[in-house]
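Colleague: mmCIF, C-alpha atoms, saved as input_10.cif, coming up:
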data_entry
loop_
_atom_site.group_PDB
_atom_site.id
_atom_site.type_symbol
_atom_site.label_atom_id
_atom_site.label_comp_id
_atom_site.auth_asym_id
_atom_site.auth_seq_id
_atom_site.Cartn_x
_atom_site.Cartn_y
_atom_site.Cartn_z
ATOM 1 C CA MET A 298 46.575 -79.826 -14.899
ATOM 2 C CA ASN A 299 46.014 -80.760 -18.548
ATOM 3 C CA LYS A 300 48.265 -83.693 -19.335
ATOM 4 C CA ASP A 301 47.313 -83.633 -23.023
ATOM 5 C CA LEU A 302 48.773 -80.123 -23.357
ATOM 6 C CA VAL A 303 45.925 -79.072 -25.631
ATOM 7 C CA THR A 304 42.335 -78.057 -25.021
ATOM 8 C CA GLU A 305 39.339 -79.846 -26.474
ATOM 9 C CA ASN A 306 39.618 -77.630 -29.565
ATOM 10 C CA ASP A 307 43.288 -78.635 -30.056
ATOM 11 C CA ASP A 308 44.449 -75.192 -28.949
ATOM 12 C CA PRO A 309 47.586 -75.256 -26.798
ATOM 13 C CA ILE A 310 46.882 -74.640 -23.128
ATOM 14 C CA THR A 311 47.834 -71.202 -21.912
ATOM 15 C CA GLU A 312 47.673 -71.787 -18.179
ATOM 16 C CA PHE A 313 47.132 -74.447 -15.558
ATOM 17 C CA ASP A 314 46.647 -74.588 -11.791
ATOM 18 C CA TYR A 315 49.204 -76.217 -9.513
ATOM 19 C CA GLU A 316 47.704 -77.299 -6.182
ATOM 20 C CA LEU A 317 49.963 -76.712 -3.198
ATOM 21 C CA LYS A 318 50.513 -79.545 -0.735
ATOM 22 C CA VAL A 319 52.206 -77.209 1.730
ATOM 23 C CA PRO A 320 50.298 -73.886 1.905
ATOM 24 C CA PHE A 321 52.034 -70.638 2.807
ATOM 25 C CA LEU A 322 50.782 -67.220 3.904
ATOM 26 C CA TYR A 323 50.601 -64.259 1.543
ATOM 27 C CA ALA A 324 49.162 -60.740 1.671
ATOM 28 C CA TYR A 325 45.987 -59.962 -0.238
ATOM 29 C CA ALA A 326 43.508 -57.093 0.132
ATOM 30 C CA GLY A 327 44.785 -56.085 3.526
ATOM 31 C CA ASN A 328 44.775 -59.552 5.068
ATOM 32 C CA GLN A 329 47.018 -62.594 5.234
ATOM 33 C CA GLU A 330 45.568 -65.515 3.296
ATOM 34 C CA LYS A 331 46.633 -69.145 3.021
ATOM 35 C CA ALA A 332 47.766 -69.998 -0.512
ATOM 36 C CA LEU A 333 46.096 -73.142 -1.848
ATOM 37 C CA MET A 334 47.162 -73.161 -5.475
ATOM 38 C CA ILE A 335 49.255 -71.276 -8.012
ATOM 39 C CA THR A 336 48.075 -70.433 -11.509
ATOM 40 C CA LEU A 337 50.922 -70.832 -13.981
ATOM 41 C CA LYS A 338 50.747 -69.092 -17.354
ATOM 42 C CA ALA A 339 52.562 -69.895 -20.564
ATOM 43 C CA PRO A 340 55.811 -67.971 -21.080
ATOM 44 C CA THR A 341 56.313 -65.343 -23.776
ATOM 45 C CA VAL A 342 59.431 -64.316 -25.675
ATOM 46 C CA LYS A 343 60.144 -61.750 -22.956
ATOM 47 C CA THR A 344 59.972 -64.272 -20.117
ATOM 48 C CA PRO A 345 63.483 -64.432 -18.618
ATOM 49 C CA TYR A 346 65.547 -67.640 -18.351
ATOM 50 C CA ARG A 347 63.133 -69.640 -20.507
ATOM 51 C CA ALA A 348 65.956 -70.606 -22.849
ATOM 52 C CA ASP A 349 68.332 -71.335 -19.947
ATOM 53 C CA LEU A 350 65.878 -73.797 -18.413
ATOM 54 C CA LYS A 351 65.359 -75.532 -21.752
ATOM 55 C CA GLN A 352 69.102 -75.826 -22.226
ATOM 56 C CA CYS A 353 69.528 -77.209 -18.710
ATOM 57 C CA PHE A 354 67.234 -80.105 -19.513
ATOM 58 C CA PHE A 355 68.750 -80.989 -22.877
ATOM 59 C CA ARG A 356 72.260 -80.855 -21.462
ATOM 60 C CA ALA A 357 71.146 -83.091 -18.601
ATOM 61 C CA ILE A 358 69.675 -85.967 -20.590
ATOM 62 C CA PRO A 359 72.218 -88.606 -21.642
ATOM 63 C CA GLN A 360 73.218 -88.497 -25.335
ATOM 64 C CA ASP A 361 71.706 -91.947 -25.992
ATOM 65 C CA GLY A 362 68.470 -90.847 -24.289
ATOM 66 C CA LYS A 363 67.741 -88.024 -26.742
ATOM 67 C CA GLU A 364 66.166 -90.350 -29.338
ATOM 68 C CA GLU A 365 63.904 -91.814 -26.697
ATOM 69 C CA ALA A 366 62.806 -88.332 -25.754
ATOM 70 C CA LYS A 367 61.579 -87.695 -29.321
ATOM 71 C CA GLY A 368 59.243 -90.696 -29.119
ATOM 72 C CA GLU A 369 55.706 -90.905 -30.278
ATOM 73 C CA ALA A 370 54.368 -89.056 -27.249
ATOM 74 C CA GLY A 371 57.604 -87.500 -26.093
ATOM 75 C CA THR A 372 56.055 -84.934 -23.816
ATOM 76 C CA LYS A 373 53.904 -87.584 -22.129
ATOM 77 C CA MET A 374 56.952 -89.699 -21.286
ATOM 78 C CA PHE A 375 58.164 -87.096 -18.852
ATOM 79 C CA THR A 376 56.529 -85.905 -15.670
ATOM 80 C CA GLY A 377 57.665 -83.018 -13.533
ATOM 81 C CA SER A 378 59.425 -85.438 -11.204
ATOM 82 C CA ASP A 379 61.270 -86.983 -14.170
ATOM 83 C CA ILE A 380 62.577 -83.559 -15.181
ATOM 84 C CA LEU A 381 63.922 -82.856 -11.704
ATOM 85 C CA PHE A 382 65.384 -86.339 -11.398
ATOM 86 C CA THR A 383 67.165 -86.038 -14.743
ATOM 87 C CA ILE A 384 68.670 -82.682 -13.850
ATOM 88 C CA SER A 385 69.599 -83.770 -10.323
ATOM 89 C CA MET A 386 71.475 -86.816 -11.635
ATOM 90 C CA SER A 387 73.346 -84.916 -14.318
ATOM 91 C CA ARG A 388 76.992 -83.977 -14.018
ATOM 92 C CA GLU A 389 76.616 -81.409 -16.794
ATOM 93 C CA VAL A 390 73.998 -79.220 -15.135
ATOM 94 C CA SER A 391 73.892 -77.624 -11.691
ATOM 95 C CA LEU A 392 70.557 -78.191 -9.938
ATOM 96 C CA SER A 393 71.025 -75.017 -7.921
ATOM 97 C CA SER A 394 71.481 -72.974 -11.114
ATOM 98 C CA PHE A 395 68.376 -74.598 -12.597
ATOM 99 C CA ILE A 396 66.379 -73.667 -9.507
ATOM 100 C CA GLU A 397 67.679 -70.088 -9.529
ATOM 101 C CA TYR A 398 66.661 -69.710 -13.186
ATOM 102 C CA GLY A 399 63.289 -71.175 -12.305
ATOM 103 C CA LYS A 400 62.749 -68.824 -9.388
ATOM 104 C CA SER A 401 63.527 -65.804 -11.584
ATOM 105 C CA LEU A 402 61.168 -67.073 -14.270
ATOM 106 C CA LEU A 403 58.343 -67.692 -11.813
ATOM 107 C CA ALA A 404 58.781 -64.238 -10.254
ATOM 108 C CA SER A 405 58.564 -62.516 -13.668
ATOM 109 C CA GLY A 406 54.787 -62.511 -13.666
ATOM 110 C CA VAL A 407 53.857 -65.936 -15.069
ATOM 111 C CA ALA A 408 52.667 -67.206 -11.665
ATOM 112 C CA LEU A 409 49.661 -65.991 -9.676
ATOM 113 C CA VAL A 410 48.963 -67.137 -6.123
ATOM 114 C CA ASP A 411 45.368 -68.386 -5.917
ATOM 115 C CA GLY A 412 44.972 -66.871 -9.361
ATOM 116 C CA GLN A 413 44.917 -63.352 -7.930
ATOM 117 C CA THR A 414 48.282 -62.118 -6.603
ATOM 118 C CA LYS A 415 51.645 -62.093 -8.347
ATOM 119 C CA LEU A 416 54.102 -64.659 -6.985
ATOM 120 C CA THR A 417 57.070 -62.585 -5.835
ATOM 121 C CA LYS A 418 60.574 -63.718 -4.859
ATOM 122 C CA LEU A 419 59.648 -63.148 -1.226
ATOM 123 C CA LEU A 420 56.741 -65.592 -1.538
ATOM 124 C CA ILE A 421 58.888 -68.093 -3.445
ATOM 125 C CA ASP A 422 61.356 -68.042 -0.547
ATOM 126 C CA ALA A 423 58.460 -68.925 1.776
ATOM 127 C CA MET A 424 57.522 -72.020 -0.251
ATOM 128 C CA ASP A 425 58.425 -75.563 0.674
ATOM 129 C CA PRO A 426 61.602 -76.470 -1.309
ATOM 130 C CA ASP A 427 60.218 -79.762 -2.647
ATOM 131 C CA GLU A 428 57.011 -77.990 -3.641
ATOM 132 C CA LEU A 429 58.987 -75.421 -5.613
ATOM 133 C CA GLU A 430 60.958 -78.105 -7.441
ATOM 134 C CA ASN A 431 57.816 -80.064 -8.303
ATOM 135 C CA MET A 432 56.124 -76.945 -9.581
ATOM 136 C CA LEU A 433 59.128 -76.087 -11.749
ATOM 137 C CA GLY A 434 59.083 -79.574 -13.160
ATOM 138 C CA GLU A 435 55.392 -79.334 -14.061
ATOM 139 C CA TYR A 436 56.007 -75.940 -15.692
ATOM 140 C CA MET A 437 58.759 -77.461 -17.805
ATOM 141 C CA VAL A 438 56.552 -80.354 -18.924
ATOM 142 C CA ASN A 439 53.520 -78.227 -19.722
ATOM 143 C CA PHE A 440 55.212 -75.295 -21.444
ATOM 144 C CA ILE A 441 58.980 -75.122 -21.931
ATOM 145 C CA LEU A 442 59.669 -78.784 -22.758
ATOM 146 C CA ALA A 443 56.470 -79.195 -24.772
ATOM 147 C CA SER A 444 57.473 -76.558 -27.328
ATOM 148 C CA ALA A 445 61.010 -77.898 -27.720
ATOM 149 C CA LEU A 446 59.939 -81.499 -28.232
ATOM 150 C CA LYS A 447 57.214 -80.459 -30.645
ATOM 151 C CA LYS A 448 59.905 -78.861 -32.829
ATOM 152 C CA LEU A 449 62.014 -82.022 -32.636
ATOM 153 C CA ASN A 450 59.053 -84.171 -33.711
ATOM 154 C CA GLU A 451 58.281 -81.859 -36.615
ATOM 155 C CA ASN A 452 61.870 -82.149 -37.819
ATOM 156 C CA MET B 143 77.216 -61.768 23.555
ATOM 157 C CA ALA B 144 73.767 -60.341 22.655
ATOM 158 C CA VAL B 145 73.286 -59.039 19.108
ATOM 159 C CA GLN B 146 70.951 -56.158 18.268
ATOM 160 C CA LEU B 147 68.478 -56.594 15.405
ATOM 161 C CA ALA B 148 69.548 -53.723 13.167
ATOM 162 C CA ASN B 149 68.712 -54.736 9.583
ATOM 163 C CA PRO B 150 65.097 -55.906 9.388
ATOM 164 C CA LEU B 151 63.350 -56.810 6.149
ATOM 165 C CA VAL B 152 60.265 -54.694 5.536
ATOM 166 C CA ALA B 153 57.793 -56.020 2.984
ATOM 167 C CA VAL B 154 54.570 -54.359 1.898
ATOM 168 C CA ASN B 155 52.051 -56.471 -0.026
ATOM 169 C CA ASN B 156 54.552 -59.301 -0.607
ATOM 170 C CA ASP B 157 57.271 -56.988 -2.006
ATOM 171 C CA PRO B 158 60.438 -56.128 -0.060
ATOM 172 C CA VAL B 159 60.978 -52.387 0.358
ATOM 173 C CA PRO B 160 64.420 -50.725 0.184
ATOM 174 C CA VAL B 161 64.472 -48.784 3.449
ATOM 175 C CA THR B 162 66.979 -46.337 4.867
ATOM 176 C CA PRO B 163 69.085 -48.162 7.486
ATOM 177 C CA ASN B 164 68.212 -47.544 11.146
ATOM 178 C CA SER B 165 64.874 -45.942 10.225
ATOM 179 C CA VAL B 166 62.434 -48.803 10.889
ATOM 180 C CA MET B 167 60.194 -48.541 13.932
ATOM 181 C CA TYR B 168 56.926 -50.188 14.904
ATOM 182 C CA THR B 169 54.437 -50.360 17.727
ATOM 183 C CA GLU B 170 52.866 -53.661 18.735
ATOM 184 C CA GLY B 171 49.406 -52.181 19.102
ATOM 185 C CA LEU B 172 48.894 -53.470 22.629
ATOM 186 C CA GLY B 173 47.555 -50.093 23.681
ATOM 187 C CA GLU B 174 47.896 -48.180 26.914
ATOM 188 C CA GLN B 175 46.792 -49.143 30.412
ATOM 189 C CA THR B 176 46.332 -47.208 33.599
ATOM 190 C CA ILE B 177 46.542 -47.961 37.274
ATOM 191 C CA ARG B 178 44.758 -45.874 39.847
ATOM 192 C CA ALA B 179 44.299 -46.312 43.529
ATOM 193 C CA ALA B 180 41.040 -47.163 45.273
ATOM 194 C CA SER B 181 40.739 -46.637 48.993
ATOM 195 C CA LEU B 182 39.933 -49.578 51.261
ATOM 196 C CA GLY B 183 39.687 -47.288 54.214
ATOM 197 C CA GLY B 184 42.047 -46.903 57.069
ATOM 198 C CA GLY B 185 44.796 -45.728 54.768
ATOM 199 C CA GLN B 186 44.772 -48.879 52.745
ATOM 200 C CA VAL B 187 44.642 -48.696 48.956
ATOM 201 C CA THR B 188 44.208 -51.245 46.244
ATOM 202 C CA PRO B 189 45.360 -50.734 42.650
ATOM 203 C CA ILE B 190 42.723 -50.699 39.915
ATOM 204 C CA TYR B 191 44.090 -51.715 36.561
ATOM 205 C CA SER B 192 42.245 -50.709 33.371
ATOM 206 C CA LYS B 193 42.828 -50.951 29.632
ATOM 207 C CA ASN B 194 42.234 -48.092 27.254
ATOM 208 C CA ILE B 195 41.536 -49.812 23.954
ATOM 209 C CA GLU B 196 41.263 -46.527 22.057
ATOM 210 C CA GLN B 197 44.981 -46.847 21.231
ATOM 211 C CA ASN B 198 44.900 -50.556 20.297
ATOM 212 C CA PHE B 199 46.286 -50.263 16.802
ATOM 213 C CA GLY B 200 49.689 -51.055 15.380
ATOM 214 C CA SER B 201 51.964 -48.812 13.394
ATOM 215 C CA VAL B 202 55.070 -49.154 11.251
ATOM 216 C CA THR B 203 57.312 -46.236 10.381
ATOM 217 C CA PHE B 204 60.289 -46.229 8.047
ATOM 218 C CA GLU B 205 62.143 -44.019 5.610
ATOM 219 C CA MET B 206 63.039 -44.893 2.067
ATOM 220 C CA PRO B 207 65.237 -43.047 -0.415
ATOM 221 C CA ALA B 208 63.287 -40.705 -2.711
ATOM 222 C CA THR B 209 63.763 -42.720 -5.907
ATOM 223 C CA VAL B 210 61.173 -42.893 -8.682
ATOM 224 C CA PRO B 211 60.149 -46.507 -7.865
ATOM 225 C CA ASN B 212 59.831 -45.710 -4.158
ATOM 226 C CA ILE B 213 57.736 -42.617 -4.829
ATOM 227 C CA GLY B 214 55.523 -44.817 -6.988
ATOM 228 C CA ARG B 215 55.262 -47.400 -4.218
ATOM 229 C CA ALA B 216 54.180 -44.780 -1.673
ATOM 230 C CA ARG B 217 51.514 -43.464 -4.024
ATOM 231 C CA GLN B 218 50.146 -46.956 -4.632
ATOM 232 C CA TRP B 219 50.045 -47.770 -0.890
ATOM 233 C CA LYS B 220 48.131 -44.568 -0.257
ATOM 234 C CA ALA B 221 45.717 -45.429 -3.051
ATOM 235 C CA ASN B 222 45.176 -48.905 -1.565
ATOM 236 C CA GLU B 223 43.701 -47.212 1.557
ATOM 237 C CA ASN B 224 43.573 -49.905 4.285
ATOM 238 C CA GLN B 225 44.139 -52.844 1.944
ATOM 239 C CA ASN B 226 47.876 -53.157 2.656
ATOM 240 C CA VAL B 227 49.792 -55.736 4.663
ATOM 241 C CA VAL B 228 53.184 -54.845 6.154
ATOM 242 C CA THR B 229 55.548 -57.497 7.487
ATOM 243 C CA VAL B 230 58.735 -56.844 9.428
ATOM 244 C CA THR B 231 61.180 -59.724 9.796
ATOM 245 C CA GLY B 232 64.702 -60.027 11.069
ATOM 246 C CA THR B 233 67.176 -62.657 12.216
ATOM 247 C CA THR B 234 70.077 -62.617 14.637
ATOM 248 C CA PRO B 235 72.150 -65.532 15.970
ATOM 249 C CA GLU B 236 69.809 -65.551 18.964
ATOM 250 C CA GLY B 237 66.610 -66.002 16.982
ATOM 251 C CA SER B 238 64.191 -64.411 14.548
ATOM 252 C CA LEU B 239 61.463 -61.799 14.715
ATOM 253 C CA THR B 240 58.356 -61.641 12.529
ATOM 254 C CA ARG B 241 55.536 -59.134 12.864
ATOM 255 C CA SER B 242 52.613 -58.763 10.461
ATOM 256 C CA PHE B 243 50.396 -55.687 10.289
ATOM 257 C CA THR B 244 47.128 -56.252 8.431
ATOM 258 C CA GLN B 245 44.722 -53.647 7.067
ATOM 259 C CA ALA B 246 47.515 -51.096 7.111
ATOM 260 C CA ALA B 247 46.884 -47.600 5.786
ATOM 261 C CA ILE B 248 48.892 -44.417 5.306
ATOM 262 C CA LEU B 249 46.782 -41.817 7.071
ATOM 263 C CA ASN B 250 48.910 -38.700 6.815
ATOM 264 C CA ASN B 251 49.595 -36.520 3.803
ATOM 265 C CA TYR B 252 53.184 -37.736 3.471
ATOM 266 C CA GLU B 253 55.882 -35.482 2.035
ATOM 267 C CA VAL B 254 58.208 -36.351 -0.817
ATOM 268 C CA ALA B 255 61.472 -34.467 -0.452
ATOM 269 C CA LEU B 256 63.418 -34.240 -3.726
ATOM 270 C CA GLY B 257 67.141 -33.738 -3.247
ATOM 271 C CA SER B 258 70.495 -35.492 -3.266
ATOM 272 C CA GLU B 259 70.096 -37.577 -0.102
ATOM 273 C CA THR B 260 66.471 -37.091 0.780
ATOM 274 C CA ASN B 261 64.001 -39.673 2.021
ATOM 275 C CA VAL B 262 60.290 -40.306 2.001
ATOM 276 C CA THR B 263 58.959 -40.998 5.490
ATOM 277 C CA ILE B 264 56.150 -43.532 5.545
ATOM 278 C CA GLU B 265 53.911 -44.279 8.505
ATOM 279 C CA PHE B 266 51.332 -47.055 8.399
ATOM 280 C CA LYS B 267 48.551 -47.458 10.940
ATOM 281 C CA SER B 268 47.131 -50.961 11.126
ATOM 282 C CA ASN B 269 45.578 -53.739 13.178
ATOM 283 C CA PRO B 270 47.688 -54.784 16.198
ATOM 284 C CA ALA B 271 50.806 -56.704 15.213
ATOM 285 C CA VAL B 272 50.584 -60.481 14.927
#
For the file at hand, write its structure as structure tokens.
Modeller:
Amino acid sequence: MNKDLVTENDDPITEFDYELKVPFLYAYAGNQEKALMITLKAPTVKTPYRADLKQCFFRAIPQDGKEEAKGEAGTKMFTGSDILFTISMSREVSLSSFIEYGKSLLASGVALVDGQTKLTKLLIDAMDPDELENMLGEYMVNFILASALKKLNEN
Amino acid sequence: MAVQLANPLVAVNNDPVPVTPNSVMYTEGLGEQTIRAASLGGGQVTPIYSKNIEQNFGSVTFEMPATVPNIGRARQWKANENQNVVTVTGTTPEGSLTRSFTQAAILNNYEVALGSETNVTIEFKSNPAV
């Protein structure tokens, strides 16, 4: 995963691979394979619940923490675990709603199992729950949160 | 009180399929066996058990309503030849059932009946269930 969020040519990254710690079985080419990683692609305007996930995070962070989030390397201050921790601790945002939005987003076509098969809701339900949350957090850091904080820094 | 498994989830290639209730059937693919008698003389016989592996393949049969997405699904499964995977799962208070059928193919020239309450009958033949 590219922590710098840009390639060597300063182009924003368009996808990254998330390695699974707990593999699951999925169907591919007539056989059942063990999933080892999931390729996550950048969202588009049509990607559902992108805005809802962004709003979940910004509602979750404390008011006095928003300035800290704009810091010099704002996106690098947060990891996927930080995102999940912030949302879990918040009284303003429901973690279960955040996860439901995330599941719908991931099942919309932005995620490919082993880079070859679309991640469907059925496969998401077969994932380890902690794995799913970590993956959502990394997706937020690499794509959804990165764009929002970039706009804040520009302003 | 025992509970019958009456509402299984059928998924083909990682996608759940909307099936007509009470239409799902499958065979395990354990094949057929025979027993015949061999004489030991003096009126005594001993049974000879044998396996006929010619029938050792699994199958899954179900009906689905003749909607446009379902008709499209059937066409795609047929086009995939034997590159499909069918899974049948179900849960009751007594436990759960999961069967996977790899290298599944639709062999017959299935019919699509177009009408008000018509179904498409799908039959997959596959490797024995796992």
Colleague: Using all atoms listed in the file, determine which residues lie at most 6 Å from segment 334-339 of chain A, disregarding the query and same-chain residues fewer than 3 positions distant; provide the list as a PDB file with C-alpha atoms, in the frame of the given file.
Modeller:
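What follows is the written file out37.pdb:
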ATOM      1  CA  THR A 311      47.834 -71.202 -21.912  1.00  0.00           C
ATOM      2  CA  GLU A 312      47.673 -71.787 -18.179  1.00  0.00           C
ATOM      3  CA  PHE A 313      47.132 -74.447 -15.558  1.00  0.00           C
ATOM      4  CA  ASP A 314      46.647 -74.588 -11.791  1.00  0.00           C
ATOM      5  CA  TYR A 315      49.204 -76.217  -9.513  1.00  0.00           C
ATOM      6  CA  GLU A 316      47.704 -77.299  -6.182  1.00  0.00           C
ATOM      7  CA  LEU A 317      49.963 -76.712  -3.198  1.00  0.00           C
ATOM      8  CA  VAL A 407      53.857 -65.936 -15.069  1.00  0.00           C
ATOM      9  CA  ALA A 408      52.667 -67.206 -11.665  1.00  0.00           C
ATOM     10  CA  LEU A 409      49.661 -65.991  -9.676  1.00  0.00           C
ATOM     11  CA  VAL A 410      48.963 -67.137  -6.123  1.00  0.00           C
ATOM     12  CA  ASP A 411      45.368 -68.386  -5.917  1.00  0.00           C
ATOM     13  CA  GLY A 412      44.972 -66.871  -9.361  1.00  0.00           C
TER      14      GLY A 412
END
Colleague: I need the residue set behind the PyMOL selection byres ((chain A) within 10 of (chain B)) for this file; please write it as a PDB file with C-alpha atoms, in the frame of the given file.
Modeller:
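expr.pdb, written as the output of this step:
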ATOM      1  CA  LEU A 322      50.782 -67.220   3.904  1.00  0.00           C
ATOM      2  CA  TYR A 323      50.601 -64.259   1.543  1.00  0.00           C
ATOM      3  CA  ALA A 324      49.162 -60.740   1.671  1.00  0.00           C
ATOM      4  CA  TYR A 325      45.987 -59.962  -0.238  1.00  0.00           C
ATOM      5  CA  ALA A 326      43.508 -57.093   0.132  1.00  0.00           C
ATOM      6  CA  GLY A 327      44.785 -56.085   3.526  1.00  0.00           C
ATOM      7  CA  ASN A 328      44.775 -59.552   5.068  1.00  0.00           C
ATOM      8  CA  GLN A 329      47.018 -62.594   5.234  1.00  0.00           C
ATOM      9  CA  THR A 414      48.282 -62.118  -6.603  1.00  0.00           C
ATOM     10  CA  LYS A 415      51.645 -62.093  -8.347  1.00  0.00           C
ATOM     11  CA  LEU A 416      54.102 -64.659  -6.985  1.00  0.00           C
ATOM     12  CA  THR A 417      57.070 -62.585  -5.835  1.00  0.00           C
ATOM     13  CA  LYS A 418      60.574 -63.718  -4.859  1.00  0.00           C
ATOM     14  CA  LEU A 419      59.648 -63.148  -1.226  1.00  0.00           C
ATOM     15  CA  LEU A 420      56.741 -65.592  -1.538  1.00  0.00           C
TER      16      LEU A 420
END
Colleague: Interatomic distance between atom CA of Thr240 of chain B and atom CA of Pro320 of chain A?
Modeller: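 Between atom CA of Thr240 of chain B and atom CA of Pro320 of chain A the gap works out to 18.1 Å.
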Colleague: Could you check how far atom CA of Tyr252 of chain B sits from atom CA of Phe204 of chain B, in Å to one decimal?
Modeller: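 Value for the atom CA of Tyr252 of chain B-atom CA of Phe204 of chain B distance: 12.0 Å.
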Colleague: Excluding Ile248 of chain B and any residue of its chain fewer than 5 positions from it, enumerate the residues within 6 Å of it, using all atoms listed in the file, and give them as a list of chain:residue names.
Modeller: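 With the cut-off at 6 Å, the set is B:Lys220, B:Glu265, B:Phe266.
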Colleague: Have a look at atom CA of Phe321 of chain A and atom CA of Pro426 of chain A and let me know their distance in Å, one decimal.
Modeller: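 Between atom CA of Phe321 of chain A and atom CA of Pro426 of chain A the gap works out to 11.9 Å.
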Colleague: Give the centre and edge lengths of an axis-aligned box, in Å to one decimal, that holds all listed atoms of segment 418-435 of chain A with 8 Å on each side, as lines of an AutoDock Vina configuration file.
Modeller:
center_x = 58.5
center_y = -71.6
center_z = -6.1
size_x = 22.2
size_y = 32.9
size_z = 31.8
Colleague: For this file, the PyMOL selection byres ((chain B and resi 147) around 7) selects which residues, as an MDAnalysis selection string?
Modeller: chainID B and resid 145:146 148:150 232:234
Colleague: How would the residues just chosen look if you wrote them out with C-alpha atoms as a PDB file, in the coordinates of the input?
Modeller:
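Writing the result to again_25.pdb gives the following:
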ATOM      1  CA  VAL B 145      73.286 -59.039  19.108  1.00  0.00           C
ATOM      2  CA  GLN B 146      70.951 -56.158  18.268  1.00  0.00           C
ATOM      3  CA  ALA B 148      69.548 -53.723  13.167  1.00  0.00           C
ATOM      4  CA  ASN B 149      68.712 -54.736   9.583  1.00  0.00           C
ATOM      5  CA  PRO B 150      65.097 -55.906   9.388  1.00  0.00           C
ATOM      6  CA  GLY B 232      64.702 -60.027  11.069  1.00  0.00           C
ATOM      7  CA  THR B 233      67.176 -62.657  12.216  1.00  0.00           C
ATOM      8  CA  THR B 234      70.077 -62.617  14.637  1.00  0.00           C
TER       9      THR B 234
END
Colleague: Pick from A:Met386, A:Leu402, A:Val342, A:Met424: nearest to Ala357 of chain A, with only C-alpha atoms counted?
Modeller: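 Comparing A:Met386, A:Leu402, A:Val342, A:Met424 against Ala357 of chain A, the winner is A:Met386.
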Colleague: Dump segment 189-233 of chain B with C-alpha atoms to a file, as a compact mmCIF listing (two decimals), in the first residue's frame.
Modeller:
# COMPACT_ATOMS: atom_id res chain seq x y z
CA PRO B 189 -22.53 -60.42 -0.97
CA ILE B 190 -20.23 -58.71 -3.46
CA TYR B 191 -20.35 -54.96 -3.21
CA SER B 192 -19.21 -52.82 -6.16
CA LYS B 193 -19.16 -49.13 -7.06
CA ASN B 194 -20.22 -47.80 -10.42
CA ILE B 195 -18.30 -44.56 -10.74
CA GLU B 196 -19.93 -43.68 -14.07
CA GLN B 197 -22.56 -41.72 -12.11
CA ASN B 198 -20.12 -39.99 -9.72
CA PHE B 199 -21.04 -36.42 -10.49
CA GLY B 200 -23.08 -33.88 -8.57
CA SER B 201 -26.05 -31.90 -9.76
CA VAL B 202 -28.06 -28.90 -8.62
CA THR B 203 -31.52 -28.12 -9.91
CA PHE B 204 -33.63 -25.07 -9.17
CA GLU B 205 -36.21 -22.79 -10.73
CA MET B 206 -36.03 -19.04 -10.91
CA PRO B 207 -38.64 -16.52 -12.03
CA ALA B 208 -38.34 -15.56 -15.71
CA THR B 209 -37.16 -11.98 -15.13
CA VAL B 210 -34.76 -10.17 -17.45
CA PRO B 211 -31.81 -10.37 -14.99
CA ASN B 212 -32.41 -14.07 -14.37
CA ILE B 213 -32.61 -14.83 -18.09
CA GLY B 214 -29.32 -12.98 -18.45
CA ARG B 215 -27.79 -14.99 -15.61
CA ALA B 216 -28.80 -18.30 -17.22
CA ARG B 217 -27.30 -17.25 -20.54
CA GLN B 218 -24.02 -16.27 -18.89
CA TRP B 219 -23.81 -19.56 -16.93
CA LYS B 220 -24.34 -21.49 -20.14
CA ALA B 221 -21.65 -19.44 -21.86
CA ASN B 222 -19.23 -20.14 -18.98
CA GLU B 223 -19.42 -23.87 -19.89
CA ASN B 224 -17.93 -25.78 -16.92
CA GLN B 225 -16.34 -22.74 -15.28
CA ASN B 226 -19.14 -22.19 -12.74
CA VAL B 227 -19.24 -22.84 -9.01
CA VAL B 228 -22.59 -23.41 -7.28
CA THR B 229 -22.93 -23.28 -3.50
CA VAL B 230 -26.01 -24.26 -1.53
CA THR B 231 -26.19 -23.17 2.10
CA GLY B 232 -28.88 -23.21 4.72
CA THR B 233 -29.31 -22.88 8.47
